[in-house]
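Visitor: Encoded as structure tokens, here's the structure I'll be asking about.
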Amino acid sequence: MSEAQLSVLNYAFLALLYLFFARVLWAVWSEVRGPRIGNPQPANARGAVDSTAPAARPPAPMKPSRSARKGVPARLVVLQPKVRKGAAYPLADEIVLGRADSCAIGLPDDTFASQLHARVYRREGKIWVEDLGSTNGTHVNGARLAAPVQLAIGDRLQVGNTIFEAA
């Protein structure tokens, strides 16, 4: 190899090294600065599911939760984090929870929630929740979802670091 080729490789390696360190610093900074506090907005003021997404037939619900006898919930109430505690969101026919602007229940300050994290929908008069392939998973009453689960009054739904109670 000529000296010119070695110089080019050396500069390319240094550029990649700087990009790597910049990415690491950005990740650390986003964790250290903490969540950005925002005002929760009700589902009907934020809009519905992104209509530009391709239509897919929802999978059939698989198993009801243990507390399915308690009744059908009409809203989700935030229990955690404390900044949003008490915010209530009415349950429509279909809502999506996540960090994306198109989500009916937006969680922009929850770094552990995915852009499109979970979907809550009504089928045959019952409320069901399913995970939309999120990185950290969706939990109902502490159990990670592998298939859609029926929600009942009193069930706790965890999306990222945000915990809701079905009421």
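Following the order of the structure tokens, chains are lettered A, B, ..., residues in each are numbered from 1, and ligands are numbered from 1.
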List the spatial neighbours of Ala118 of chain A as a PyMOL selection string - criterion: any atom at most 12 Å away, only C-alpha atoms, same-chain residues fewer than 4 positions off excluded.
Guide: chain A and resi 49+94-100+103-107+113-114+128-140+144-149+157-160
Visitor: Could you tell me which of A:Leu16, A:Val83, A:Val24, A:Ala152 comes closest to Glu165 of chain A if we count only C-alpha atoms?
Guide: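 Closest to Glu165 of chain A of all the choices is A:Ala152.
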Visitor: Can you work out the spacing between atom CA of Ile153 of chain A and atom CA of Val72 of chain A in Å, to one decimal?
Guide: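 The value is 6.0 Å.
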Visitor: Could you tell me which of A:Ala27, A:Ile163, A:Ala22, A:Leu6 comes closest to Ala87 of chain A if we count only C-alpha atoms?
Guide: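 Selected residue with least distance to Ala87 of chain A: A:Ile163.
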Visitor: I need the residue nearest Ala166 of chain A from this list: A:Phe20, A:Phe112, A:Tyr121, A:Tyr89. Use only C-alpha atoms for the distance.
Guide: A:Tyr89
Visitor: DSSP on the backbone, strand (DSSP E) only: what residues of segment 115-156 of chain A does that give? Format it as a VMD selection string.
Guide: chain A and resid 118 to 123 126 to 131 138 to 140 143 to 144 149 to 151 156
Visitor: Kindly give the distance, in Å, that separates atom CA of Asp155 of chain A and atom CA of Asp101 of chain A, rounded to a single decimal.
Guide: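 One can read the atom CA of Asp155 of chain A to atom CA of Asp101 of chain A distance as 26.0 Å.
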Visitor: What gap, in Å, lies between atom CA of Arg122 of chain A and atom CA of Ala167 of chain A?
Guide: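 Separation of atom CA of Arg122 of chain A and atom CA of Ala167 of chain A: 14.7 Å.
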